[in-house]
$ cat my_file_11.csv   # CSV, N, CA and C atoms and all ligand atoms
chain,number,residue,atom,x,y,z
I,1,MET,N,2.3,7.3,45.4
I,1,MET,CA,2.0,8.6,44.7
I,1,MET,C,1.5,8.2,43.3
I,2,SER,N,0.4,8.7,43.0
I,2,SER,CA,-0.1,8.5,41.7
I,2,SER,C,0.3,9.6,40.7
I,3,THR,N,0.9,9.1,39.6
I,3,THR,CA,1.3,10.1,38.6
I,3,THR,C,0.3,10.1,37.4
I,4,ALA,N,-0.7,9.4,37.5
I,4,ALA,CA,-1.7,9.3,36.4
I,4,ALA,C,-2.5,10.6,36.4
I,5,ARG,N,-2.3,11.4,35.4
I,5,ARG,CA,-3.1,12.6,35.3
I,5,ARG,C,-3.9,12.6,34.0
I,6,PRO,N,-5.1,12.3,34.2
I,6,PRO,CA,-5.9,12.2,33.0
I,6,PRO,C,-5.9,13.5,32.2
I,7,GLY,N,-5.6,13.5,31.0
I,7,GLY,CA,-5.7,14.7,30.2
I,7,GLY,C,-4.3,15.4,30.1
I,8,ALA,N,-3.4,14.9,30.9
I,8,ALA,CA,-2.0,15.6,30.9
I,8,ALA,C,-1.4,15.2,29.5
I,9,TYR,N,-1.5,14.0,29.1
I,9,TYR,CA,-0.9,13.6,27.9
I,9,TYR,C,-2.0,12.9,27.1
I,10,ARG,N,-2.4,13.4,26.1
I,10,ARG,CA,-3.4,12.8,25.2
I,10,ARG,C,-2.8,12.4,23.9
I,11,ARG,N,-2.7,11.1,23.7
I,11,ARG,CA,-2.1,10.6,22.5
I,11,ARG,C,-3.0,10.9,21.3
I,12,VAL,N,-2.5,11.4,20.3
I,12,VAL,CA,-3.3,11.7,19.1
I,12,VAL,C,-3.4,10.4,18.3
I,13,ALA,N,-4.5,9.8,18.5
I,13,ALA,CA,-4.8,8.5,17.8
I,13,ALA,C,-6.0,8.8,16.8
I,14,ALA,N,-5.7,9.5,15.8
I,14,ALA,CA,-6.8,9.8,14.9
I,14,ALA,C,-7.2,8.6,13.9
I,15,GLY,N,-6.4,7.6,14.0
I,15,GLY,CA,-6.7,6.5,13.1
I,15,GLY,C,-5.4,5.7,12.8
I,16,PRO,N,-5.5,4.6,12.1
I,16,PRO,CA,-4.3,3.8,11.8
I,16,PRO,C,-3.4,4.6,10.8
I,17,PRO,N,-2.1,4.3,10.8
I,17,PRO,CA,-1.2,5.0,9.9
I,17,PRO,C,-1.6,4.5,8.4
I,18,ALA,N,-1.1,5.4,7.5
I,18,ALA,CA,-1.5,5.1,6.1
I,18,ALA,C,-0.7,4.0,5.6
I,19,ILE,N,-1.1,2.8,5.9
I,19,ILE,CA,-0.4,1.6,5.3
I,19,ILE,C,-1.4,1.0,4.3
I,20,ALA,N,-0.9,0.8,3.1
I,20,ALA,CA,-1.7,0.2,2.1
I,20,ALA,C,-1.6,-1.3,2.2
I,21,LEU,N,-2.7,-2.0,2.3
I,21,LEU,CA,-2.7,-3.4,2.4
I,21,LEU,C,-3.4,-4.0,1.2
I,22,THR,N,-2.9,-5.2,0.9
I,22,THR,CA,-3.5,-6.0,-0.2
I,22,THR,C,-3.4,-7.4,0.3
I,23,SER,N,-3.6,-8.4,-0.6
I,23,SER,CA,-3.4,-9.8,-0.3
I,23,SER,C,-2.3,-10.3,-1.1
I,24,CYS,N,-1.5,-11.3,-0.5
I,24,CYS,CA,-0.4,-11.8,-1.2
I,24,CYS,C,-0.8,-12.6,-2.4
I,25,PRO,N,-0.2,-12.4,-3.5
I,25,PRO,CA,-0.5,-13.2,-4.7
I,25,PRO,C,-0.2,-14.6,-4.6
I,26,ALA,N,0.7,-15.0,-3.7
I,26,ALA,CA,1.1,-16.4,-3.6
I,26,ALA,C,0.3,-17.1,-2.6
I,27,CYS,N,0.1,-16.6,-1.4
I,27,CYS,CA,-0.6,-17.3,-0.3
I,27,CYS,C,-1.9,-16.7,0.1
I,28,GLY,N,-2.1,-15.5,-0.3
I,28,GLY,CA,-3.4,-14.9,0.0
I,28,GLY,C,-3.4,-14.2,1.4
I,29,SER,N,-2.2,-14.2,2.1
I,29,SER,CA,-2.2,-13.6,3.4
I,29,SER,C,-2.1,-12.1,3.2
I,30,PRO,N,-2.4,-11.4,4.3
I,30,PRO,CA,-2.3,-9.9,4.2
I,30,PRO,C,-0.9,-9.5,3.8
I,31,ALA,N,-0.8,-8.5,3.0
I,31,ALA,CA,0.5,-8.0,2.5
I,31,ALA,C,0.5,-6.5,2.5
I,32,GLU,N,1.6,-6.0,2.8
I,32,GLU,CA,1.8,-4.5,2.9
I,32,GLU,C,2.4,-4.0,1.6
I,33,ILE,N,1.9,-3.0,1.1
I,33,ILE,CA,2.6,-2.3,0.0
I,33,ILE,C,3.7,-1.4,0.5
I,34,GLN,N,4.9,-1.8,0.3
I,34,GLN,CA,6.0,-1.1,1.0
I,34,GLN,C,6.5,0.1,0.2
I,35,SER,N,6.4,0.0,-1.1
I,35,SER,CA,6.9,1.2,-1.9
I,35,SER,C,6.2,1.2,-3.2
I,36,ARG,N,6.2,2.3,-3.8
I,36,ARG,CA,5.7,2.5,-5.2
I,36,ARG,C,6.7,3.3,-6.0
I,37,PHE,N,6.9,2.9,-7.2
I,37,PHE,CA,7.8,3.5,-8.1
I,37,PHE,C,7.4,3.3,-9.5
I,38,VAL,N,7.9,4.1,-10.4
I,38,VAL,CA,7.5,4.0,-11.8
I,38,VAL,C,8.7,3.5,-12.6
I,39,LEU,N,8.4,2.5,-13.4
I,39,LEU,CA,9.4,2.0,-14.3
I,39,LEU,C,9.0,2.3,-15.7
I,40,GLU,N,10.0,2.6,-16.5
I,40,GLU,CA,9.7,2.9,-17.9
I,40,GLU,C,9.5,1.6,-18.7
I,41,SER,N,8.6,1.6,-19.6
I,41,SER,CA,8.4,0.4,-20.5
I,41,SER,C,8.2,0.9,-21.9
I,42,THR,N,8.1,0.0,-22.8
I,42,THR,CA,7.9,0.4,-24.2
I,42,THR,C,6.5,1.0,-24.4
I,43,GLY,N,5.6,0.8,-23.5
I,43,GLY,CA,4.3,1.4,-23.6
I,43,GLY,C,4.1,2.6,-22.7
I,44,GLY,N,5.3,3.0,-22.2
I,44,GLY,CA,5.2,4.2,-21.3
I,44,GLY,C,5.5,3.8,-19.9
I,45,PRO,N,5.5,4.8,-19.0
I,45,PRO,CA,5.8,4.6,-17.6
I,45,PRO,C,4.7,3.8,-16.9
I,46,ILE,N,5.1,2.8,-16.1
I,46,ILE,CA,4.1,2.0,-15.4
I,46,ILE,C,4.5,2.0,-14.0
I,47,GLU,N,3.4,2.3,-13.2
I,47,GLU,CA,3.6,2.3,-11.7
I,47,GLU,C,3.7,0.9,-11.2
I,48,HIS,N,4.8,0.6,-10.5
I,48,HIS,CA,5.0,-0.7,-9.8
I,48,HIS,C,4.9,-0.5,-8.3
I,49,VAL,N,4.7,-1.6,-7.7
I,49,VAL,CA,4.7,-1.6,-6.2
I,49,VAL,C,5.5,-2.8,-5.7
I,50,LYS,N,6.1,-2.6,-4.5
I,50,LYS,CA,6.7,-3.7,-3.8
I,50,LYS,C,5.8,-4.1,-2.7
I,51,VAL,N,5.4,-5.4,-2.7
I,51,VAL,CA,4.5,-6.0,-1.8
I,51,VAL,C,5.2,-7.0,-0.9
I,52,ALA,N,5.0,-6.9,0.4
I,52,ALA,CA,5.6,-7.9,1.3
I,52,ALA,C,4.5,-8.5,2.1
I,53,CYS,N,4.3,-9.8,2.2
I,53,CYS,CA,3.3,-10.4,2.9
I,53,CYS,C,3.8,-10.9,4.3
I,54,VAL,N,2.9,-11.3,5.1
I,54,VAL,CA,3.2,-11.7,6.5
I,54,VAL,C,4.0,-13.0,6.5
I,55,GLN,N,4.0,-13.7,5.4
I,55,GLN,CA,4.7,-15.0,5.3
I,55,GLN,C,6.1,-14.7,4.7
I,56,ARG,N,6.5,-13.4,4.6
I,56,ARG,CA,7.8,-13.0,4.0
I,56,ARG,C,7.9,-13.3,2.6
I,57,HIS,N,6.9,-13.5,1.9
I,57,HIS,CA,7.0,-13.4,0.4
I,57,HIS,C,7.0,-11.9,0.0
I,58,TRP,N,7.7,-11.7,-1.0
I,58,TRP,CA,7.6,-10.3,-1.5
I,58,TRP,C,7.7,-10.3,-3.0
I,59,PHE,N,7.1,-9.3,-3.6
I,59,PHE,CA,6.9,-9.2,-5.0
I,59,PHE,C,7.1,-7.8,-5.5
I,60,VAL,N,7.5,-7.7,-6.7
I,60,VAL,CA,7.5,-6.4,-7.4
I,60,VAL,C,6.6,-6.6,-8.6
I,61,MET,N,5.6,-5.8,-8.7
I,61,MET,CA,4.6,-6.0,-9.8
I,61,MET,C,4.0,-4.7,-10.2
I,62,PRO,N,3.4,-4.6,-11.3
I,62,PRO,CA,2.7,-3.4,-11.7
I,62,PRO,C,1.5,-3.2,-10.8
I,63,SER,N,1.3,-2.0,-10.4
I,63,SER,CA,0.2,-1.7,-9.4
I,63,SER,C,-1.2,-2.2,-10.0
I,64,ASP,N,-1.3,-2.2,-11.3
I,64,ASP,CA,-2.5,-2.7,-11.9
I,64,ASP,C,-2.8,-4.1,-11.6
I,65,ALA,N,-1.7,-4.9,-11.3
I,65,ALA,CA,-1.9,-6.3,-11.1
I,65,ALA,C,-2.5,-6.6,-9.7
I,66,LEU,N,-2.5,-5.6,-8.8
I,66,LEU,CA,-3.0,-5.8,-7.5
I,66,LEU,C,-4.5,-6.1,-7.6
I,67,CYS,N,-5.0,-7.0,-6.8
I,67,CYS,CA,-6.4,-7.4,-6.9
I,67,CYS,C,-7.3,-6.3,-6.4
I,68,TRP,N,-6.8,-5.5,-5.5
I,68,TRP,CA,-7.6,-4.4,-4.9
I,68,TRP,C,-7.5,-3.2,-5.7
I,69,ALA,N,-6.5,-3.1,-6.6
I,69,ALA,CA,-6.3,-1.8,-7.3
I,69,ALA,C,-7.4,-1.5,-8.2
I,70,ARG,N,-8.1,-0.5,-7.8
I,70,ARG,CA,-9.2,0.0,-8.6
I,70,ARG,C,-9.0,1.5,-8.7
I,71,ARG,N,-7.9,1.9,-9.4
I,71,ARG,CA,-7.7,3.3,-9.5
I,71,ARG,C,-8.6,4.0,-10.5
I,72,VAL,N,-9.1,5.1,-10.1
I,72,VAL,CA,-9.9,5.8,-11.1
I,72,VAL,C,-9.1,6.5,-12.1
I,73,ALA,N,-9.0,5.9,-13.2
I,73,ALA,CA,-8.2,6.5,-14.3
I,73,ALA,C,-9.0,7.5,-15.1
I,74,PRO,N,-8.3,8.6,-15.3
I,74,PRO,CA,-9.0,9.6,-16.1
I,74,PRO,C,-9.2,9.1,-17.6
I,75,THR,N,-10.4,9.3,-18.1
I,75,THR,CA,-10.7,8.8,-19.4
I,75,THR,C,-10.2,9.8,-20.4
I,76,THR,N,-9.0,9.5,-20.9
I,76,THR,CA,-8.4,10.4,-21.9
I,76,THR,C,-8.6,9.7,-23.3
I,77,THR,N,-8.7,10.5,-24.3
I,77,THR,CA,-8.8,10.0,-25.6
I,77,THR,C,-7.7,10.4,-26.5
I,78,ASP,N,-6.5,10.4,-25.9
I,78,ASP,CA,-5.3,10.7,-26.6
I,78,ASP,C,-5.0,9.7,-27.7
I,79,GLY,N,-4.6,10.1,-28.9
I,79,GLY,CA,-4.2,9.2,-29.9
I,79,GLY,C,-5.4,8.7,-30.6
J,101,ZN,ZN,2.6,-14.7,0.8

$ encode --input "my_file_11.csv" --output "structure tokens"
Amino acid sequence: MSTARPGAYRRVAAGPPAIALTSCPACGSPAEIQSRFVLESTGGPIEHVKVACVQRHWFVMPSDALCWARRVAPTTTDG
């Protein structure tokens, strides 16, 4: 008895999950950005990221230090 019914269950595969990838600062292997958080500093809050690579290296660094990070910063002229 065949239970394969085309169309009965269609998996919603609209694309890969939203995983941010970068390269490991130590070995250059693909690394996943696991979390983002903001740490206060003397110069104001700085967004940090936790990065874990496939070689099990992990780092916490400012998001600006990521090689791929090209955030479009608003050009403010405060101060
Ligand atoms: Zn690594």

$ residues_near_ligand --input "my_file_11.csv" --ligand "ligand ZN 101 (chain J)" --cutoff "6 Å" --atoms "all atoms listed in the file" --output "ChimeraX atom specification"
/I:24-29,53-57

$ write_last_selection --input "my_file_11.csv" --atoms "N, CA and C atoms" --output "tab-separated table (two decimals), in the frame of the given file"
chain	number	residue	atom	x	y	z
I	24	CYS	N	-1.50	-11.30	-0.50
I	24	CYS	CA	-0.40	-11.80	-1.20
I	24	CYS	C	-0.80	-12.60	-2.40
I	25	PRO	N	-0.20	-12.40	-3.50
I	25	PRO	CA	-0.50	-13.20	-4.70
I	25	PRO	C	-0.20	-14.60	-4.60
I	26	ALA	N	0.70	-15.00	-3.70
I	26	ALA	CA	1.10	-16.40	-3.60
I	26	ALA	C	0.30	-17.10	-2.60
I	27	CYS	N	0.10	-16.60	-1.40
I	27	CYS	CA	-0.60	-17.30	-0.30
I	27	CYS	C	-1.90	-16.70	0.10
I	28	GLY	N	-2.10	-15.50	-0.30
I	28	GLY	CA	-3.40	-14.90	0.00
I	28	GLY	C	-3.40	-14.20	1.40
I	29	SER	N	-2.20	-14.20	2.10
I	29	SER	CA	-2.20	-13.60	3.40
I	29	SER	C	-2.10	-12.10	3.20
I	53	CYS	N	4.30	-9.80	2.20
I	53	CYS	CA	3.30	-10.40	2.90
I	53	CYS	C	3.80	-10.90	4.30
I	54	VAL	N	2.90	-11.30	5.10
I	54	VAL	CA	3.20	-11.70	6.50
I	54	VAL	C	4.00	-13.00	6.50
I	55	GLN	N	4.00	-13.70	5.40
I	55	GLN	CA	4.70	-15.00	5.30
I	55	GLN	C	6.10	-14.70	4.70
I	56	ARG	N	6.50	-13.40	4.60
I	56	ARG	CA	7.80	-13.00	4.00
I	56	ARG	C	7.90	-13.30	2.60
I	57	HIS	N	6.90	-13.50	1.90
I	57	HIS	CA	7.00	-13.40	0.40
I	57	HIS	C	7.00	-11.90	0.00

$ residues_near_point --input "my_file_11.csv" --point "(-0.9, -5.9, 1.2)" --cutoff "6 Å" --atoms "only N, CA and C atoms" --output "ChimeraX atom specification"
/I:20-24,30-33

$ residues_around --input "my_file_11.csv" --residues "Gln34 of chain I" --least-positions-apart "3" --cutoff "6 Å" --atoms "all atoms listed in the file" --output "PyMOL selection string"
chain I and resi 50-52

$ atom_distance --input "my_file_11.csv" --atom1 "atom CA of Ile46 of chain I" --atom2 "atom CA of Trp58 of chain I"
18.9 Å

$ atom_distance --input "my_file_11.csv" --atom1 "atom CA of Gly44 of chain I" --atom2 "atom CA of Leu66 of chain I"
18.9 Å

$ atom_distance --input "my_file_11.csv" --atom1 "atom CA of Ala65 of chain I" --atom2 "atom CA of Ala18 of chain I"
20.6 Å

$ decode --input "my_file_11.csv" --residues "segment 47-63 of chain I" --atoms "C-alpha atoms" --output "compact mmCIF listing (two decimals), in the first residue's frame"
# COMPACT_ATOMS: atom_id res chain seq x y z
CA GLU I 47 27.16 45.84 19.65
CA HIS I 48 29.05 42.60 20.19
CA VAL I 49 28.58 39.22 18.62
CA LYS I 50 29.40 35.71 19.69
CA VAL I 51 30.90 33.75 16.83
CA ALA I 52 31.46 30.01 16.77
CA CYS I 53 33.26 28.35 13.91
CA VAL I 54 33.11 24.80 12.65
CA GLN I 55 36.46 24.08 14.33
CA ARG I 56 34.87 24.94 17.66
CA HIS I 57 36.69 28.18 18.07
CA TRP I 58 34.51 30.85 19.51
CA PHE I 59 34.94 34.53 20.04
CA VAL I 60 33.16 37.50 21.42
CA MET I 61 33.98 40.63 19.51
CA PRO I 62 32.51 43.91 18.44
CA SER I 63 30.30 43.39 15.45
